[in-house]
Structures are given as C-alpha cells and as structure tokens.
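With mmCIF, C-alpha atoms inside, this is run-v3.cif:
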data_data
loop_
_atom_site.label_atom_id
_atom_site.label_comp_id
_atom_site.auth_asym_id
_atom_site.auth_seq_id
_atom_site.Cartn_x
_atom_site.Cartn_y
_atom_site.Cartn_z
CA MET A 3 -3.19 -36.88 45.04
CA SER A 4 0.37 -37.81 44.09
CA ARG A 5 3.08 -38.52 46.61
CA HIS A 6 4.93 -35.45 45.33
CA THR A 7 1.91 -33.23 45.97
CA GLU A 8 1.53 -34.64 49.48
CA ALA A 9 5.15 -33.80 50.19
CA GLU A 10 4.71 -30.23 48.96
CA ILE A 11 1.63 -29.72 51.10
CA ARG A 12 3.47 -31.05 54.16
CA GLN A 13 6.29 -28.66 53.40
CA LEU A 14 3.84 -25.76 53.16
CA ALA A 15 2.35 -26.69 56.52
CA GLU A 16 5.83 -26.69 58.06
CA ARG A 17 6.70 -23.36 56.51
CA LEU A 18 3.43 -21.84 57.71
CA GLU A 19 4.16 -23.06 61.24
CA ALA A 20 7.64 -21.52 61.10
CA GLN A 21 6.16 -18.24 59.89
CA CYS A 22 3.69 -18.29 62.78
CA GLN A 23 6.63 -18.63 65.16
CA ARG A 24 8.43 -15.66 63.62
CA VAL A 25 5.34 -13.49 63.91
CA ARG A 26 4.73 -14.74 67.46
CA ASP A 27 8.25 -13.64 68.41
CA GLN A 28 7.59 -10.18 66.96
CA VAL A 29 4.27 -9.89 68.80
CA HIS A 30 5.78 -11.02 72.12
CA ALA A 31 8.61 -8.49 71.74
CA ALA A 32 6.07 -5.72 71.10
CA VAL A 33 3.94 -6.63 74.11
CA GLU A 34 6.99 -6.86 76.36
CA LEU A 35 8.07 -3.41 75.26
CA VAL A 36 4.60 -2.00 75.95
CA GLY A 37 4.95 -3.27 79.51
CA THR A 38 8.48 -1.98 80.10
CA ALA A 39 9.15 0.71 77.48
CA LEU A 40 12.88 -0.07 77.71
CA ARG A 41 15.16 1.39 75.09
CA GLY A 42 18.09 -0.26 73.37
CA LEU A 43 16.45 -3.44 72.10
CA SER A 44 17.84 -5.21 69.04
CA ASP A 45 16.66 -3.97 65.66
CA PRO A 46 13.17 -5.45 65.04
CA GLN A 47 13.59 -4.79 61.32
CA VAL A 48 15.80 -7.89 61.04
CA LEU A 49 12.94 -10.24 61.93
CA GLU A 50 10.54 -8.15 59.86
CA ARG A 51 12.65 -8.69 56.76
CA ASP A 52 12.63 -12.45 57.35
CA ILE A 53 8.84 -12.41 57.70
CA ASP A 54 8.39 -10.35 54.52
CA ARG A 55 10.68 -12.63 52.54
CA GLU A 56 8.94 -15.78 53.75
CA GLU A 57 5.52 -14.32 52.91
CA VAL A 58 6.55 -14.06 49.26
CA LEU A 59 8.05 -17.56 49.19
CA LEU A 60 4.96 -19.10 50.76
CA GLU A 61 2.68 -17.42 48.26
CA GLU A 62 4.84 -18.48 45.34
CA GLN A 63 4.89 -22.09 46.51
CA CYS A 64 1.11 -22.17 47.00
CA LEU A 65 0.47 -20.80 43.54
CA ARG A 66 2.91 -23.25 42.01
CA VAL A 67 1.18 -26.24 43.66
CA MET A 68 -2.19 -24.96 42.45
CA ALA A 69 -0.96 -24.46 38.89
CA LEU A 70 0.86 -27.78 38.60
CA HIS A 71 -1.39 -30.18 40.52
CA HIS A 72 -4.91 -28.69 40.36
CA PRO A 73 -5.85 -29.76 43.90
CA VAL A 74 -9.48 -30.25 44.93
CA GLY A 75 -11.43 -30.75 48.14
CA SER A 76 -9.54 -30.48 51.41
CA ASP A 77 -6.21 -29.93 49.64
CA LEU A 78 -7.59 -26.91 47.81
CA ARG A 79 -9.07 -25.56 51.06
CA PHE A 80 -5.69 -25.93 52.72
CA LEU A 81 -3.91 -23.99 49.97
CA VAL A 82 -6.52 -21.25 50.02
CA THR A 83 -6.17 -21.07 53.80
CA VAL A 84 -2.40 -20.75 53.54
CA LEU A 85 -2.73 -17.92 51.03
CA ARG A 86 -5.17 -16.05 53.24
CA ALA A 87 -3.36 -16.69 56.51
CA ASN A 88 -0.01 -15.83 54.96
CA GLY A 89 -1.08 -12.25 54.25
CA ASP A 90 -2.66 -11.82 57.69
CA LEU A 91 0.49 -13.07 59.40
CA GLU A 92 2.60 -10.52 57.58
CA ARG A 93 0.18 -7.73 58.51
CA ILE A 94 0.20 -8.78 62.18
CA ALA A 95 3.99 -8.51 62.08
CA ASP A 96 3.74 -5.07 60.47
CA HIS A 97 1.49 -3.81 63.27
CA ALA A 98 3.72 -5.41 65.90
CA LEU A 99 6.64 -3.52 64.36
CA GLY A 100 4.59 -0.33 64.62
CA VAL A 101 4.09 -0.99 68.33
CA LEU A 102 7.81 -1.67 68.80
CA GLN A 103 8.79 1.55 67.06
CA ALA A 104 6.31 3.70 68.99
CA ALA A 105 6.91 2.13 72.40
CA SER A 106 10.68 2.38 72.07
CA TYR A 107 10.44 6.17 72.44
CA LEU A 108 8.53 6.02 75.72
CA GLY A 109 9.77 5.88 79.29
CA VAL A 110 9.10 3.17 81.86
CA GLY A 111 5.47 3.23 82.98
CA ALA A 112 4.53 5.81 80.36
CA LEU A 113 1.59 3.86 78.93
CA SER A 114 -1.74 3.58 80.71
CA GLU A 115 -2.98 0.39 82.32
CA PRO A 116 -5.73 -0.12 79.70
CA THR A 117 -3.10 -0.10 76.95
CA ARG A 118 -0.94 -2.62 78.80
CA LEU A 119 -3.99 -4.83 79.39
CA LEU A 120 -4.94 -4.50 75.73
CA ALA A 121 -1.45 -5.62 74.71
CA ASP A 122 -1.65 -8.73 76.92
CA HIS A 123 -5.13 -9.58 75.67
CA VAL A 124 -4.13 -9.23 72.04
CA LYS A 125 -1.03 -11.35 72.60
CA ASN A 126 -3.30 -14.11 73.95
CA MET A 127 -5.68 -13.77 71.01
CA VAL A 128 -2.83 -14.02 68.52
CA GLY A 129 -1.35 -17.04 70.31
CA LYS A 130 -4.69 -18.84 70.34
CA ALA A 131 -5.25 -18.02 66.66
CA PHE A 132 -1.90 -19.57 65.76
CA GLN A 133 -2.68 -22.64 67.87
CA ALA A 134 -6.10 -23.03 66.28
CA LEU A 135 -4.67 -22.77 62.77
CA GLN A 136 -1.81 -25.18 63.35
CA LEU A 137 -3.88 -27.79 65.22
CA ARG A 138 -7.09 -27.17 63.27
CA ASP A 139 -8.79 -26.67 66.61
CA LEU A 140 -12.29 -25.23 66.20
CA ARG A 141 -12.86 -24.59 69.91
CA THR A 142 -9.70 -22.54 70.19
CA ALA A 143 -10.69 -20.65 67.05
CA GLN A 144 -14.01 -19.83 68.66
CA ALA A 145 -12.22 -18.66 71.81
CA VAL A 146 -10.39 -16.08 69.68
CA LEU A 147 -13.66 -14.77 68.29
CA ASP A 148 -15.15 -14.71 71.78
CA GLY A 149 -12.33 -12.40 72.88
CA VAL A 150 -13.42 -9.60 70.56
CA PRO A 151 -15.75 -7.77 73.03
CA THR A 152 -12.98 -7.58 75.63
CA MET A 153 -10.53 -6.35 73.01
CA ARG A 154 -12.92 -3.60 71.95
CA ARG A 155 -13.57 -2.55 75.54
CA LEU A 156 -9.86 -2.31 76.32
CA ALA A 157 -9.14 -0.48 73.06
CA ASP A 158 -11.80 2.10 73.90
CA ALA A 159 -10.38 2.49 77.42
CA SER A 160 -6.87 2.92 75.99
CA TRP A 161 -8.07 5.65 73.64
CA LYS A 162 -9.93 7.46 76.44
CA ALA A 163 -6.86 7.35 78.68
CA ALA A 164 -4.71 8.85 75.92
CA ARG A 165 -7.29 11.55 75.18
CA SER A 166 -7.54 12.42 78.87
CA ARG A 167 -3.77 12.88 79.13
CA ALA A 168 -3.74 15.06 76.02
CA GLY A 169 -6.18 17.38 77.77
CA SER A 170 -3.44 18.59 80.10
CA GLY A 171 -2.11 20.87 77.36
CA ILE A 172 1.48 19.93 78.20
CA LEU A 173 3.55 19.31 75.06
CA ALA A 174 5.15 16.15 76.43
CA ASP A 175 1.72 14.75 77.30
CA LEU A 176 0.46 15.50 73.80
CA ASP A 177 3.35 13.58 72.27
CA LEU A 178 2.85 10.66 74.65
CA SER A 179 -0.87 10.60 73.91
CA PHE A 180 -0.22 10.48 70.19
CA GLN A 181 2.17 7.54 70.62
CA GLU A 182 -0.30 5.72 72.84
CA ILE A 183 -3.14 6.17 70.36
CA GLN A 184 -0.92 4.76 67.62
CA ILE A 185 -0.01 1.78 69.79
CA GLY A 186 -3.66 1.15 70.67
CA GLN A 187 -4.66 1.22 67.02
CA ASP A 188 -1.92 -1.21 66.05
CA LEU A 189 -2.85 -3.56 68.88
CA ARG A 190 -6.49 -3.53 67.94
CA ARG A 191 -5.64 -4.28 64.32
CA MET A 192 -3.52 -7.22 65.47
CA GLY A 193 -6.55 -8.52 67.34
CA ASP A 194 -8.75 -8.12 64.27
CA LEU A 195 -6.24 -10.04 62.16
CA SER A 196 -6.09 -12.84 64.73
CA CYS A 197 -9.85 -13.18 64.23
CA ASN A 198 -9.21 -13.57 60.50
CA LEU A 199 -6.89 -16.47 61.30
CA ALA A 200 -9.53 -18.04 63.52
CA GLU A 201 -12.04 -17.73 60.70
CA ASP A 202 -9.52 -19.34 58.37
CA THR A 203 -9.47 -22.33 60.72
CA LEU A 204 -13.24 -22.66 60.50
CA TYR A 205 -13.00 -22.55 56.72
CA LEU A 206 -10.17 -25.08 56.63
CA GLU A 207 -11.99 -27.63 58.77
CA GLU A 208 -15.61 -27.08 57.73
CA GLY A 209 -15.47 -25.29 54.39
CA ARG A 210 -17.50 -22.56 56.07
CA ILE A 211 -16.77 -18.94 55.19
CA VAL A 212 -17.17 -16.81 58.30
CA ARG A 213 -16.72 -13.06 58.09
CA HIS A 214 -18.08 -9.79 59.45
CA GLY A 215 -18.97 -10.68 63.00
CA GLY A 216 -17.53 -14.15 63.52
CA GLY A 217 -19.25 -17.45 63.86
CA THR A 218 -20.18 -20.07 66.38
CA VAL A 219 -18.88 -23.61 66.59
CA ALA A 220 -21.70 -26.09 67.14
#
Translate the structure described by the file into structure tokens.
Amino acid sequence: MSRHTEAEIRQLAERLEAQCQRVRDQVHAAVELVGTALRGLSDPQVLERDIDREEVLLEEQCLRVMALHHPVGSDLRFLVTVLRANGDLERIADHALGVLQAASYLGVGALSEPTRLLADHVKNMVGKAFQALQLRDLRTAQAVLDGVPTMRRLADASWKAARSRAGSGILADLDLSFQEIQIGQDLRRMGDLSCNLAEDTLYLEEGRIVRHGGGTVA
C-alpha cells in the first residue's frame, strides 16, 4: 500500500471518529430531553445538517480510495466497514432527531419510567458501539449485542405503558401516548443500529459477517 493510500485511510478513520462524536452528541441530547422534556432547546436541525453533509463526504472519499487504489485485505475491510457504518450513523442521528422533535412537545415527567429507562439503555448501547468501532474492541462489540434482550424488554414495557394511558379516553392522554410510542420506536431503532455497528466491528477485525441475531466472540 502506498504512503498516499495510508494517509487517506488515516484521514477516513479520523473523519469517522468525528462523525461518531456528532451522532453521540445528538443521541445524548435526545436522551436528556426524554428525561426532562424541557422546551426551548437549540435547533437540533443544525447538527443534523452537519451529519448529513459529512455522510456524503465520507462515502465519496471511500469510493474514491477504492477506485484509485484497489485496496485488498484489511484495507478493503476497513473501507467496507466505513461505508456500512457511515449509513448507520446517519440513521441513528435521524432517529435521535425524531426523539428530540417528539419529546420537545411534552411536559416534565410526561414520559413513563420504562421509556426513560429505554432511552438510557439505548444511549449506553450506542456509546459502546462507537467505542467498539473506534478501538476495534471485540468484547465491547459483544456487550452491545448482549444488551439486545434488555432493550426489547424495555421497548415492550414502554409500548404497554403508552397503550395503558391511551385507554383513559382523554384526548390529551391519547396525544401523549402517540408521542411516547413514536419515541419508543425511534429509541428501539437506534438500539438496532448500534448492533449493526457492533457487527461491523466483528467484520472489521475478523472478516466475519454477523447478521440476524448477532454473534459470539470466542
């Protein structure tokens, strides 16, 4: 591999890490708002636009390196991983924005405890997924996959709490229940996408494609 190619791959790694930080900031803002439901926060669309723009630039740079240098082996796996992770990062940010937009209409303490617990759990999953990807840490990647049963249990509890509130027949409760269901769905999707990132780490380090149910680190 040429020195120029090495430099481009290092630059891609740095850009991916910066993108992870942007998405992490969006996720943390969403989870904080789920816990407080405070109005008047800064416009989350600003960060979203930065994330969208960087997604395109990362993809373009990856494709250019592939076309010009024809990488093989671990370098090719890295570029494939960046392409896959890049899309998942942008989608995590999209769902975090959905949470921000829905939660911003709610009052303090409006969301049920299962939804708040789900938000915290998903934030931890996303953080671990980013750490695993950046450090190429297989154990941390496995910890993300191991968190799926808890995520599903909390997501189910969140949905049941929202459905129970909707049963009151009060219009305000129906609206709140709808918002909470939307938030729960976005949070669960964020957790699913964090698992994709964990699986990307397994592929990057071992060349092992893990999908549909996760994998186990030996």
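Of the residues under consideration (A:Leu178, A:Ala164, A:Val212, A:Val146), A:Val146 shows the shortest atom-to-atom contact distance to A:Lys130 when counting all atoms listed in the file.
The list of residues with at least one atom within 10 Å of A:Arg167, based on only C-alpha atoms and without residues fewer than 3 positions apart in the same chain, reads A:Ser114, A:Lys162, A:Ala163, A:Ala164, A:Ser170, A:Gly171, A:Ile172, A:Ala174, A:Asp175, A:Leu176, A:Asp177, A:Leu178, A:Ser179, A:Phe180.
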_Protein/DNA/RNA residues near (4.9, -24.2, 47.0), cut 12 Å, all atoms listed in the file, as a count of residues only_ = 32
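Comparing A:Val48, A:Leu120, A:Leu199, A:Ala131 by their smallest distance to A:Ala145, the closest is A:Ala131 (using only C-alpha atoms).
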On this structure, which residues satisfy the PyMOL selection byres ((chain A and resi 32) around 6), written as a PDB file with C-alpha atoms, keeping the file's coordinate frame?
ATOM      1  CA  VAL A  29       4.270  -9.890  68.800  1.00  0.00           C
ATOM      2  CA  HIS A  30       5.780 -11.020  72.120  1.00  0.00           C
ATOM      3  CA  ALA A  31       8.610  -8.490  71.740  1.00  0.00           C
ATOM      4  CA  VAL A  33       3.940  -6.630  74.110  1.00  0.00           C
ATOM      5  CA  GLU A  34       6.990  -6.860  76.360  1.00  0.00           C
ATOM      6  CA  LEU A  35       8.070  -3.410  75.260  1.00  0.00           C
ATOM      7  CA  ALA A  98       3.720  -5.410  65.900  1.00  0.00           C
ATOM      8  CA  VAL A 101       4.090  -0.990  68.330  1.00  0.00           C
ATOM      9  CA  LEU A 102       7.810  -1.670  68.800  1.00  0.00           C
TER      10      LEU A 102
END
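You can rank A:Leu113, A:Asp122, A:Ser166, A:Ala95 by their closest distance to A:Arg24 using all atoms listed in the file, and at the top of that list sits A:Ala95.
Checking A:Arg93, A:Arg79, A:Arg86, A:Arg118 one by one against A:Ile53, counting all atoms listed in the file, you find the shortest gap at A:Arg93.
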Mind filling out stretch 97-129 of chain A with N, CA and C atoms and sending it as a PDB file, in the coordinates of the input?
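After the write, selection_11.pdb holds the following:
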ATOM      1  N   HIS A  97       2.055  -4.577  62.163  1.00  0.00           N
ATOM      2  CA  HIS A  97       1.490  -3.810  63.270  1.00  0.00           C
ATOM      3  C   HIS A  97       2.303  -3.996  64.550  1.00  0.00           C
ATOM      4  N   ALA A  98       2.848  -5.191  64.750  1.00  0.00           N
ATOM      5  CA  ALA A  98       3.720  -5.410  65.900  1.00  0.00           C
ATOM      6  C   ALA A  98       4.969  -4.534  65.794  1.00  0.00           C
ATOM      7  N   LEU A  99       5.498  -4.403  64.578  1.00  0.00           N
ATOM      8  CA  LEU A  99       6.640  -3.520  64.360  1.00  0.00           C
ATOM      9  C   LEU A  99       6.267  -2.074  64.674  1.00  0.00           C
ATOM     10  N   GLY A 100       5.046  -1.669  64.291  1.00  0.00           N
ATOM     11  CA  GLY A 100       4.590  -0.330  64.620  1.00  0.00           C
ATOM     12  C   GLY A 100       4.558  -0.091  66.122  1.00  0.00           C
ATOM     13  N   VAL A 101       4.100  -1.091  66.872  1.00  0.00           N
ATOM     14  CA  VAL A 101       4.090  -0.990  68.330  1.00  0.00           C
ATOM     15  C   VAL A 101       5.513  -0.880  68.867  1.00  0.00           C
ATOM     16  N   LEU A 102       6.405  -1.700  68.361  1.00  0.00           N
ATOM     17  CA  LEU A 102       7.810  -1.670  68.800  1.00  0.00           C
ATOM     18  C   LEU A 102       8.429  -0.296  68.555  1.00  0.00           C
ATOM     19  N   GLN A 103       8.182   0.266  67.402  1.00  0.00           N
ATOM     20  CA  GLN A 103       8.790   1.550  67.060  1.00  0.00           C
ATOM     21  C   GLN A 103       8.228   2.679  67.916  1.00  0.00           C
ATOM     22  N   ALA A 104       6.911   2.644  68.170  1.00  0.00           N
ATOM     23  CA  ALA A 104       6.310   3.700  68.990  1.00  0.00           C
ATOM     24  C   ALA A 104       6.698   3.561  70.451  1.00  0.00           C
ATOM     25  N   ALA A 105       6.637   2.333  70.970  1.00  0.00           N
ATOM     26  CA  ALA A 105       6.910   2.130  72.400  1.00  0.00           C
ATOM     27  C   ALA A 105       8.358   2.366  72.752  1.00  0.00           C
ATOM     28  N   SER A 106       9.252   2.220  71.781  1.00  0.00           N
ATOM     29  CA  SER A 106      10.680   2.380  72.070  1.00  0.00           C
ATOM     30  C   SER A 106      11.041   3.823  72.429  1.00  0.00           C
ATOM     31  N   TYR A 107      10.169   4.780  72.121  1.00  0.00           N
ATOM     32  CA  TYR A 107      10.440   6.170  72.440  1.00  0.00           C
ATOM     33  C   TYR A 107       9.905   6.576  73.818  1.00  0.00           C
ATOM     34  N   LEU A 108       9.203   5.677  74.480  1.00  0.00           N
ATOM     35  CA  LEU A 108       8.530   6.020  75.720  1.00  0.00           C
ATOM     36  C   LEU A 108       9.353   5.599  76.927  1.00  0.00           C
ATOM     37  N   GLY A 109       9.086   6.239  78.055  1.00  0.00           N
ATOM     38  CA  GLY A 109       9.770   5.880  79.290  1.00  0.00           C
ATOM     39  C   GLY A 109       9.034   4.781  80.039  1.00  0.00           C
ATOM     40  N   VAL A 110       9.688   4.234  81.049  1.00  0.00           N
ATOM     41  CA  VAL A 110       9.100   3.170  81.860  1.00  0.00           C
ATOM     42  C   VAL A 110       7.808   3.667  82.509  1.00  0.00           C
ATOM     43  N   GLY A 111       6.750   2.886  82.375  1.00  0.00           N
ATOM     44  CA  GLY A 111       5.470   3.230  82.980  1.00  0.00           C
ATOM     45  C   GLY A 111       4.726   4.336  82.268  1.00  0.00           C
ATOM     46  N   ALA A 112       5.153   4.680  81.055  1.00  0.00           N
ATOM     47  CA  ALA A 112       4.530   5.810  80.360  1.00  0.00           C
ATOM     48  C   ALA A 112       3.130   5.479  79.863  1.00  0.00           C
ATOM     49  N   LEU A 113       2.877   4.238  79.500  1.00  0.00           N
ATOM     50  CA  LEU A 113       1.590   3.860  78.930  1.00  0.00           C
ATOM     51  C   LEU A 113       0.581   3.545  80.030  1.00  0.00           C
ATOM     52  N   SER A 114      -0.686   3.783  79.725  1.00  0.00           N
ATOM     53  CA  SER A 114      -1.740   3.580  80.710  1.00  0.00           C
ATOM     54  C   SER A 114      -2.001   2.088  80.922  1.00  0.00           C
ATOM     55  N   GLU A 115      -2.650   1.788  82.027  1.00  0.00           N
ATOM     56  CA  GLU A 115      -2.980   0.390  82.320  1.00  0.00           C
ATOM     57  C   GLU A 115      -3.880  -0.229  81.260  1.00  0.00           C
ATOM     58  N   PRO A 116      -4.916   0.488  80.757  1.00  0.00           N
ATOM     59  CA  PRO A 116      -5.730  -0.120  79.700  1.00  0.00           C
ATOM     60  C   PRO A 116      -4.926  -0.528  78.475  1.00  0.00           C
ATOM     61  N   THR A 117      -3.920   0.258  78.114  1.00  0.00           N
ATOM     62  CA  THR A 117      -3.100  -0.100  76.950  1.00  0.00           C
ATOM     63  C   THR A 117      -2.268  -1.331  77.237  1.00  0.00           C
ATOM     64  N   ARG A 118      -1.718  -1.424  78.438  1.00  0.00           N
ATOM     65  CA  ARG A 118      -0.940  -2.620  78.800  1.00  0.00           C
ATOM     66  C   ARG A 118      -1.832  -3.854  78.842  1.00  0.00           C
ATOM     67  N   LEU A 119      -3.053  -3.697  79.364  1.00  0.00           N
ATOM     68  CA  LEU A 119      -3.990  -4.830  79.390  1.00  0.00           C
ATOM     69  C   LEU A 119      -4.410  -5.226  77.976  1.00  0.00           C
ATOM     70  N   LEU A 120      -4.604  -4.225  77.129  1.00  0.00           N
ATOM     71  CA  LEU A 120      -4.940  -4.500  75.730  1.00  0.00           C
ATOM     72  C   LEU A 120      -3.827  -5.298  75.059  1.00  0.00           C
ATOM     73  N   ALA A 121      -2.585  -4.916  75.313  1.00  0.00           N
ATOM     74  CA  ALA A 121      -1.450  -5.620  74.710  1.00  0.00           C
ATOM     75  C   ALA A 121      -1.436  -7.085  75.146  1.00  0.00           C
ATOM     76  N   ASP A 122      -1.643  -7.344  76.427  1.00  0.00           N
ATOM     77  CA  ASP A 122      -1.650  -8.730  76.920  1.00  0.00           C
ATOM     78  C   ASP A 122      -2.802  -9.522  76.312  1.00  0.00           C
ATOM     79  N   HIS A 123      -3.959  -8.887  76.222  1.00  0.00           N
ATOM     80  CA  HIS A 123      -5.130  -9.580  75.670  1.00  0.00           C
ATOM     81  C   HIS A 123      -4.915  -9.916  74.196  1.00  0.00           C
ATOM     82  N   VAL A 124      -4.374  -8.984  73.456  1.00  0.00           N
ATOM     83  CA  VAL A 124      -4.130  -9.230  72.040  1.00  0.00           C
ATOM     84  C   VAL A 124      -3.076 -10.311  71.849  1.00  0.00           C
ATOM     85  N   LYS A 125      -2.046 -10.292  72.680  1.00  0.00           N
ATOM     86  CA  LYS A 125      -1.030 -11.350  72.600  1.00  0.00           C
ATOM     87  C   LYS A 125      -1.678 -12.723  72.780  1.00  0.00           C
ATOM     88  N   ASN A 126      -2.602 -12.838  73.728  1.00  0.00           N
ATOM     89  CA  ASN A 126      -3.300 -14.110  73.950  1.00  0.00           C
ATOM     90  C   ASN A 126      -4.171 -14.484  72.761  1.00  0.00           C
ATOM     91  N   MET A 127      -4.851 -13.501  72.180  1.00  0.00           N
ATOM     92  CA  MET A 127      -5.680 -13.770  71.010  1.00  0.00           C
ATOM     93  C   MET A 127      -4.829 -14.281  69.847  1.00  0.00           C
ATOM     94  N   VAL A 128      -3.706 -13.615  69.616  1.00  0.00           N
ATOM     95  CA  VAL A 128      -2.830 -14.020  68.520  1.00  0.00           C
ATOM     96  C   VAL A 128      -2.292 -15.433  68.764  1.00  0.00           C
ATOM     97  N   GLY A 129      -1.865 -15.710  69.995  1.00  0.00           N
ATOM     98  CA  GLY A 129      -1.350 -17.040  70.310  1.00  0.00           C
ATOM     99  C   GLY A 129      -2.389 -18.125  70.103  1.00  0.00           C
TER     100      GLY A 129
END
